[in-house]
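Here is upload-v3.txt, consisting of compact mmCIF, C-alpha atoms and all ligand atoms:
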# COMPACT_ATOMS: atom_id res chain seq x y z
CA MET A 1 0.00 0.00 0.00
CA VAL A 2 1.32 3.47 -0.91
CA HIS A 3 0.83 5.97 1.95
CA SER A 4 -0.08 9.55 1.05
CA GLN A 5 3.21 10.86 2.56
CA ASP A 6 5.13 8.53 0.19
CA LYS A 7 2.96 9.68 -2.72
CA HIS A 8 3.69 13.32 -1.86
CA GLU A 9 7.41 12.60 -1.62
CA HIS A 10 7.28 10.93 -5.02
CA VAL A 11 5.47 13.88 -6.63
CA ARG A 12 7.82 16.40 -4.97
CA GLN A 13 10.82 14.49 -6.34
CA LYS A 14 9.32 14.47 -9.83
CA TYR A 15 8.65 18.22 -9.55
CA GLU A 16 12.20 18.89 -8.38
CA ARG A 17 13.59 16.89 -11.31
CA ASP A 18 11.28 18.07 -14.14
CA GLY A 19 9.73 21.33 -12.90
CA TYR A 20 6.15 20.12 -13.27
CA ALA A 21 3.65 17.47 -12.17
CA ILE A 22 0.19 16.33 -13.29
CA PHE A 23 -2.76 15.42 -11.04
CA ARG A 24 -5.66 13.54 -12.64
CA ASN A 25 -9.36 13.87 -11.94
CA VAL A 26 -9.02 16.49 -9.21
CA LEU A 27 -12.36 18.32 -9.52
CA ASP A 28 -15.72 16.70 -10.24
CA SER A 29 -17.64 17.26 -13.44
CA ASN A 30 -20.39 19.35 -11.74
CA LEU A 31 -17.92 21.94 -10.49
CA ILE A 32 -16.07 21.95 -13.81
CA GLN A 33 -19.37 22.57 -15.60
CA GLU A 34 -19.97 25.53 -13.25
CA ALA A 35 -16.49 26.85 -14.05
CA SER A 36 -17.21 26.51 -17.75
CA ASN A 37 -20.50 28.41 -17.35
CA HIS A 38 -18.62 30.98 -15.26
CA VAL A 39 -16.32 31.72 -18.21
CA ASP A 40 -19.33 32.26 -20.50
CA TRP A 41 -20.91 34.52 -17.87
CA LEU A 42 -17.69 36.55 -17.41
CA LEU A 43 -17.44 37.07 -21.15
CA ALA A 44 -21.06 38.20 -21.42
CA LYS A 45 -20.47 40.63 -18.54
CA ASN A 46 -17.15 41.95 -19.90
CA PRO A 47 -17.62 42.04 -23.67
CA GLU A 48 -14.55 44.29 -24.08
CA LEU A 49 -12.21 41.51 -22.88
CA ARG A 50 -10.65 38.81 -25.03
CA PRO A 51 -11.39 35.35 -23.57
CA GLU A 52 -7.65 34.81 -23.02
CA HIS A 53 -7.65 37.77 -20.62
CA LEU A 54 -10.11 37.03 -17.82
CA HIS A 55 -8.03 37.83 -14.75
CA HIS A 56 -6.73 40.10 -11.98
CA ARG A 57 -9.27 42.64 -10.82
CA LEU A 58 -12.23 40.44 -11.78
CA VAL A 59 -11.31 37.92 -9.05
CA ALA A 60 -11.85 40.02 -5.95
CA SER A 61 -15.50 40.79 -6.63
CA ASP A 62 -16.45 37.32 -7.81
CA PRO A 63 -17.74 34.85 -5.17
CA PHE A 64 -17.66 31.85 -7.51
CA TRP A 65 -14.03 32.53 -8.44
CA VAL A 66 -13.08 32.82 -4.77
CA ARG A 67 -14.96 29.60 -3.97
CA LEU A 68 -13.17 27.79 -6.81
CA ILE A 69 -9.62 28.84 -5.91
CA SER A 70 -10.37 28.00 -2.23
CA ASP A 71 -11.41 24.41 -2.99
CA ASP A 72 -9.69 22.02 -0.59
CA ARG A 73 -8.76 19.66 -3.42
CA LEU A 74 -6.70 22.43 -5.02
CA LEU A 75 -5.26 23.66 -1.73
CA ASP A 76 -4.22 20.09 -0.86
CA ILE A 77 -2.12 20.06 -4.04
CA ALA A 78 -0.65 23.51 -3.36
CA GLU A 79 0.24 22.41 0.18
CA ILE A 80 2.48 19.62 -1.14
CA PHE A 81 4.74 22.26 -2.70
CA ILE A 82 4.46 25.38 -0.51
CA GLY A 83 3.21 24.16 2.87
CA PRO A 84 -0.06 24.86 4.70
CA ASN A 85 -0.05 28.69 4.95
CA ILE A 86 -1.34 29.59 1.54
CA ALA A 87 -2.21 32.90 -0.11
CA LEU A 88 -3.52 33.60 -3.59
CA PHE A 89 -1.24 35.81 -5.66
CA ALA A 90 -3.09 35.78 -9.00
CA SER A 91 -5.60 33.86 -11.08
CA HIS A 92 -6.39 33.98 -14.78
CA TYR A 93 -8.72 32.08 -17.10
CA ILE A 94 -6.99 31.62 -20.45
CA SER A 95 -9.85 30.58 -22.69
CA LYS A 96 -8.85 30.05 -26.31
CA PRO A 97 -11.88 30.16 -28.57
CA PRO A 98 -12.21 27.66 -31.43
CA SER A 99 -10.09 28.55 -34.52
CA ASP A 100 -9.06 31.91 -33.07
CA GLY A 101 -7.28 31.22 -29.75
CA LYS A 102 -3.99 33.06 -29.40
CA PRO A 103 -0.73 31.29 -28.54
CA VAL A 104 1.23 31.91 -25.37
CA LEU A 105 4.85 32.28 -26.51
CA TRP A 106 7.67 30.56 -24.58
CA HIS A 107 8.31 32.33 -21.31
CA GLN A 108 9.24 32.01 -17.63
CA ASP A 109 6.49 33.22 -15.29
CA GLY A 110 8.80 34.39 -12.52
CA SER A 111 10.36 37.06 -14.69
CA TYR A 112 7.02 38.96 -14.68
CA TRP A 113 6.38 38.74 -10.94
CA PRO A 114 7.31 41.05 -8.04
CA LEU A 115 7.78 38.26 -5.49
CA GLU A 116 10.44 37.84 -2.83
CA PRO A 117 11.52 35.11 -2.47
CA MET A 118 10.26 33.55 -5.72
CA GLU A 119 8.36 30.86 -3.83
CA VAL A 120 5.14 30.32 -5.75
CA ILE A 121 3.35 27.40 -7.35
CA THR A 122 1.04 27.57 -10.36
CA LEU A 123 -1.89 25.18 -10.61
CA TRP A 124 -3.42 25.04 -14.10
CA LEU A 125 -6.95 23.64 -13.89
CA ALA A 126 -8.29 22.18 -17.13
CA VAL A 127 -11.82 23.54 -17.62
CA ASP A 128 -11.97 21.86 -21.05
CA ASP A 129 -10.15 18.81 -22.38
CA SER A 130 -6.79 20.15 -23.49
CA THR A 131 -4.86 18.64 -26.41
CA PRO A 132 -2.18 19.64 -28.95
CA GLU A 133 -5.00 20.40 -31.42
CA ASN A 134 -6.67 23.03 -29.25
CA GLY A 135 -3.43 24.55 -27.89
CA CYS A 136 -2.61 22.70 -24.67
CA MET A 137 0.14 23.91 -22.39
CA ARG A 138 3.68 22.74 -23.21
CA VAL A 139 6.83 22.78 -21.10
CA ILE A 140 10.52 22.16 -21.61
CA PRO A 141 11.26 19.71 -18.76
CA GLY A 142 14.20 20.55 -16.52
CA THR A 143 14.41 24.24 -17.51
CA HIS A 144 13.18 25.26 -14.04
CA THR A 145 16.84 25.04 -12.96
CA MET A 146 17.71 27.96 -15.28
CA SER A 147 17.87 31.44 -13.80
CA LEU A 148 15.15 33.92 -14.71
CA HIS A 149 15.71 35.85 -17.93
CA GLN A 150 14.23 39.15 -19.02
CA MET A 151 11.31 38.55 -21.40
CA LYS A 152 11.39 40.42 -24.73
CA GLN A 153 8.46 42.35 -26.07
CA ARG A 154 6.85 40.60 -29.08
CA THR A 155 3.88 42.28 -30.72
CA ASP A 156 4.38 41.52 -34.42
CA ILE A 157 2.32 38.31 -34.07
CA PRO A 158 -0.84 37.84 -31.98
CA ASN A 159 -0.02 36.31 -28.58
CA VAL A 160 -1.45 36.43 -25.08
CA LEU A 161 1.53 37.93 -23.19
CA SER A 162 2.91 40.24 -25.94
CA SER A 163 6.35 38.91 -24.99
CA GLU A 164 8.61 35.86 -25.03
CA ILE A 165 11.93 34.49 -23.83
CA ASP A 166 14.94 34.71 -26.18
CA PRO A 167 14.17 31.86 -28.67
CA GLU A 168 17.87 30.86 -28.54
CA LEU A 169 17.24 29.57 -25.01
CA VAL A 170 14.46 27.19 -26.13
CA ASP A 171 15.06 23.66 -27.41
CA GLU A 172 11.57 22.98 -28.74
CA SER A 173 12.48 19.38 -29.64
CA LYS A 174 12.33 18.61 -25.89
CA ALA A 175 8.82 20.06 -25.38
CA VAL A 176 6.23 17.96 -23.52
CA ASP A 177 2.50 18.52 -24.20
CA PHE A 178 0.18 18.57 -21.19
CA VAL A 179 -2.73 16.48 -22.50
CA LEU A 180 -5.41 16.92 -19.84
CA LYS A 181 -9.05 16.01 -19.30
CA ALA A 182 -11.39 18.62 -17.85
CA GLY A 183 -10.91 18.45 -14.07
CA ASP A 184 -7.21 17.48 -14.24
CA VAL A 185 -4.61 19.86 -12.82
CA SER A 186 -1.02 20.49 -13.88
CA VAL A 187 1.48 22.20 -11.62
CA HIS A 188 4.53 24.15 -12.79
CA HIS A 189 7.56 25.96 -11.40
CA PRO A 190 7.98 29.76 -11.85
CA ASN A 191 11.27 29.30 -13.76
CA ILE A 192 10.23 26.57 -16.19
CA ILE A 193 10.08 27.55 -19.87
CA HIS A 194 6.54 26.94 -21.09
CA GLY A 195 3.89 28.21 -23.48
CA SER A 196 1.13 26.98 -25.77
CA ASN A 197 0.24 27.05 -29.45
CA ALA A 198 -2.72 28.79 -31.05
CA ASN A 199 -6.07 27.00 -31.03
CA THR A 200 -6.73 26.03 -34.63
CA SER A 201 -9.33 23.36 -33.75
CA VAL A 202 -13.11 23.55 -33.53
CA LYS A 203 -13.05 23.07 -29.74
CA ARG A 204 -12.55 25.71 -27.06
CA ARG A 205 -9.50 25.27 -24.81
CA CYS A 206 -10.00 26.85 -21.42
CA GLY A 207 -7.71 26.61 -18.39
CA LEU A 208 -7.66 28.45 -15.09
CA THR A 209 -4.22 29.43 -13.81
CA ILE A 210 -4.02 29.79 -10.03
CA ARG A 211 -0.83 31.16 -8.49
CA TYR A 212 -0.48 30.31 -4.81
CA ILE A 213 2.27 31.65 -2.56
CA PRO A 214 3.22 30.75 1.00
CA THR A 215 2.28 33.64 3.29
CA SER A 216 6.04 34.13 3.86
CA THR A 217 6.47 35.33 0.23
CA ARG A 218 6.31 39.13 -0.09
CA ILE A 219 4.68 40.98 -2.99
CA THR A 220 7.15 43.80 -3.57
CA SER A 221 5.14 45.98 -5.95
CA ASN A 222 2.32 48.19 -4.73
CA GLN A 223 0.62 47.96 -8.13
CA ASN A 224 -1.77 45.41 -6.80
CA PRO A 225 -5.19 46.53 -8.02
CA SER A 226 -7.39 43.83 -6.56
CA SER A 227 -6.22 43.05 -3.02
CA LEU A 228 -8.77 41.33 -0.88
CA PRO A 229 -8.75 41.22 2.91
CA VAL A 230 -7.33 38.28 4.81
CA TRP A 231 -9.78 35.60 5.82
CA SER A 232 -9.58 32.11 7.18
CA LEU A 233 -10.73 28.86 5.67
CA ALA A 234 -11.41 25.79 7.72
CA LYS A 235 -8.34 24.10 6.33
CA VAL A 236 -5.76 26.83 6.05
CA SER A 237 -5.35 30.47 6.74
CA MET A 238 -5.56 32.03 3.31
CA ARG A 239 -4.93 35.56 2.15
CA ILE A 240 -5.96 36.78 -1.28
CA CYS A 241 -3.73 39.26 -3.03
CA ALA A 242 -4.58 38.88 -6.69
CA TRP A 243 -2.11 40.85 -8.74
O1 LIG B 301 -2.78 28.54 -20.65
C1 LIG B 301 -1.79 28.63 -21.37
O2 LIG B 301 -1.81 28.33 -22.54
C2 LIG B 301 -0.48 29.11 -20.80
C3 LIG B 301 -0.50 29.21 -19.31
C4 LIG B 301 0.71 29.83 -18.72
O3 LIG B 301 1.57 30.33 -19.40
C5 LIG B 301 0.85 29.82 -17.28
O4 LIG B 301 0.00 29.25 -16.58
O5 LIG B 301 1.84 30.36 -16.78

Translate the structure described by the file into structure tokens.
Amino acid sequence: MVHSQDKHEHVRQKYERDGYAIFRNVLDSNLIQEASNHVDWLLAKNPELRPEHLHHRLVASDPFWVRLISDDRLLDIAEIFIGPNIALFASHYISKPPSDGKPVLWHQDGSYWPLEPMEVITLWLAVDDSTPENGCMRVIPGTHTMSLHQMKQRTDIPNVLSSEIDPELVDESKAVDFVLKAGDVSVHHPNIIHGSNANTSVKRRCGLTIRYIPTSTRITSNQNPSSLPVWSLAKVSMRICAW
């Protein structure tokens, strides 16, 4: 019998080696359906936003969003990597519409973030099935051991972040596709090189990024438009500071 402590040790070792881990079947189909409806509702309410850009200040005033990122099944995963005192730093639905979903060019998350120390874990919750055809997330395993590089502005082609890492640093032949079912969760390190291709398929590809920090990580910029007050959950003490 494998005990949960052994399982956690195994997953932590994999994360330390590769910079990512995958958890299957984390959230049930009812909650995932609610998240999917939530995306449609957010888009109807904010028609000026592209579906790849549902984030930041929307979170603080949205009870469903707060309920979702506070789900114990997600916090249990975050706890494996950052311990039990968990705060939310940021959250972002990246919903790529059929045929027209923009790519996310290769990048390292940590180079965008005002965090000290850079202790943060991203959970990427699949709201839709996610495949190479509809632009699933891709990583270059092992690149989390690289230092953080300055991202370069890139606006000549459509892309979600308007920037990318120096392409010379990317060996695309080593890329791994995260093929996920709705309700699965991938986890990645702030230094890992990752991105995703455009959605050229007939199916939407929606994922929710959730960036959790231990409460010992400081947010060093005061440009933090959507801070929420501290409150406690039954499981952990959790502070929301969506960035
Ligand atoms: O959803 C995507 O395609 C990319 C996500 C990403 O870059 C991230 O979670 O840091």

Problem set entry | 7 Å contact set for A:Glu116, only C-alpha atoms, chain neighbours under 3 positions out, as a ChimeraX atom specification | /A:217-220

For this session: Give the residue list for ligand LIG 301 (chain B) at 6 Å, counting only C-alpha atoms and all ligand atoms, as a ChimeraX atom specification, sorted by chain and then by residue number.
Result: /A:94,104,109,124,137,195-196,207,209

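Distance annotation: of A:Thr143, A:Ser95, A:Ser70, A:Thr122, the residue with the minimal separation from A:Ser36 is A:Ser95; atom set is only C-alpha atoms.
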
Problem set entry | Selected residue, from A:Asp40, A:Glu133, A:Asp6, A:Asp166, that lies nearest to A:Tyr93 when counting all atoms listed in the file | A:Asp40

For this session: Do a neighbour search on A:Leu125 at 8 Å with only C-alpha atoms, toss out local chain neighbours closer than 4 positions, and write the hits as a ChimeraX atom specification.
Result: /A:182-186,207-210

Problem set entry | Residue contacts of A:Trp65 (12 Å, all atoms listed in the file) excluding same-chain residues fewer than 2 positions away, as a PyMOL selection string | chain A and resi 31+34-39+41-42+54-63+67-71+88+90-93+208-210+240+242

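For the atom pair formed by atom CA of A:Asn134 and atom CA of A:Ile80, the distance is 29.8 Å, given to one decimal.
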
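Taking all atoms listed in the file into account, A:Gln108 lies nearest to A:Gly19 out of the set A:Pro158, A:Gly83, A:Gly19, A:Pro47.
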
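Minimum distance to A:Asp18 across A:Ser173, A:Thr215, A:Gln33, A:Thr145 (counting only C-alpha atoms) occurs at A:Thr145.
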
Exercise. Between atom CA of A:Thr131 and atom CA of A:Glu119, what is the spacing in Å?
Worked result: 28.9 Å

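We find atom CA of A:Leu169 and atom CA of A:Trp113 to be spaced 20.0 Å apart.
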